[in-house]
Amino acid sequence: MRLFIACELPEELTEALATTSAELRECVRGRYCAPDTFHVTLAFLGEVPATRVEEIAQLMEGALAGTHAFTATLAELGHFGKSADATLWQGFADPSPFRRLSTAVRGALASADVPFESQTFRPHVTLMRRANLARAGQLPVPCVERGLVSRVTLFSSVLSPDGPTYTPLATVELA
């Protein structure tokens, strides 16, 4: 199973991100992410045997015990990769709560020898893949909204030509 652990986003943030995404469609070509797939990945595990799902769920629950929900505010647009083939994203005014969650989750995974991608964590929501920013017009000012982040979920991910399908396997409600 292809797995990742992510913060789910409240409706206010998802709606604001969808508005920014719609405005981007007018000036940038690429593969847009559907609003129902918006999330902040804390740890990408990749292919993991299904037999480890329960263990990973318990590790996640233990790592996040006593962690409080927090208010997140959307901020700047950014991108990874080359401007002709970029991943376009929106970040947060204060990324530190997401960093704390990622550190806790990754620490728990590492202690149990559960492999995950160890690249530097940068809290963001992917809006578009394969974006051609080299031919883009003026990018819109992104919607800025606040919302309470209160759920961390272990997802399975199935890729298809129509886009990914994410299935929640276990969720931790933050206090």
# chains A, B, ... in the order shown; residues from 1 in each chain; ligands from 1

$ closest_atom_pairs --of "range 44-101 of chain A" --to "range 124-145 of chain A" --cutoff "10 Å" --atoms "only C-alpha atoms" --output "tab-separated table"
residue	atom	partner	partner_atom	distance
A:Ala72	CA	A:Glu145	CA	8.3
A:Thr73	CA	A:Glu145	CA	5.6
A:Leu74	CA	A:Val144	CA	5.0
A:Ala75	CA	A:Val144	CA	5.9
A:Glu76	CA	A:Pro142	CA	6.8
A:Leu77	CA	A:Pro142	CA	6.8
A:Gly78	CA	A:His124	CA	8.9
A:His79	CA	A:Ala131	CA	9.0
A:Phe80	CA	A:Arg129	CA	9.5
A:Gly81	CA	A:Arg130	CA	9.2
A:Lys82	CA	A:Leu133	CA	8.5
A:Ser83	CA	A:Leu133	CA	4.9
A:Ala84	CA	A:Asn132	CA	4.3
A:Asp85	CA	A:Arg130	CA	4.6
A:Ala86	CA	A:Ala131	CA	4.8
A:Thr87	CA	A:Arg129	CA	4.5
A:Leu88	CA	A:Met128	CA	5.1
A:Trp89	CA	A:Thr126	CA	4.4
A:Gln90	CA	A:Val125	CA	5.4
A:Gly91	CA	A:His124	CA	4.5
A:Phe92	CA	A:His124	CA	6.9
A:Ala93	CA	A:Val144	CA	9.3
A:Pro95	CA	A:His124	CA	8.6
A:Phe98	CA	A:His124	CA	9.3

$ residues_around --residues "Gly147 in chain A" --least-positions-apart "5" --cutoff "6 Å" --atoms "only C-alpha atoms" --output "list in words"
Glu12, Leu13, Thr71 and Ala72 of chain A

$ write_last_selection --atoms "C-alpha atoms" --output "short mmCIF file (atom, residue, chain, number, x, y, z; two decimals), in the first residue's frame"
data_model
loop_
_atom_site.label_atom_id
_atom_site.label_comp_id
_atom_site.auth_asym_id
_atom_site.auth_seq_id
_atom_site.Cartn_x
_atom_site.Cartn_y
_atom_site.Cartn_z
CA GLU A 12 -12.60 27.38 5.27
CA LEU A 13 -9.05 26.64 4.13
CA THR A 71 -5.23 27.85 13.83
CA ALA A 72 -3.44 27.97 10.48
#

$ atom_distance --atom1 "CA of Gly66 in chain A" --atom2 "CA of Phe155 in chain A"
21.4 Å

$ closest_residue --among "A:Phe70, A:Ala43, A:Asp36, A:Ser157" --to "Arg106 in chain A" --atoms "only C-alpha atoms"
A:Ala43

$ atom_distance --atom1 "CA of Thr51 in chain A" --atom2 "CA of Ala170 in chain A"
14.1 Å

$ select_by_dssp --residues "range 22-157 of chain A" --states "helix (DSSP H, G or I)" --output "number ranges by chain"
A: 22-24, 35-37, 50-64, 96-111, 133-135
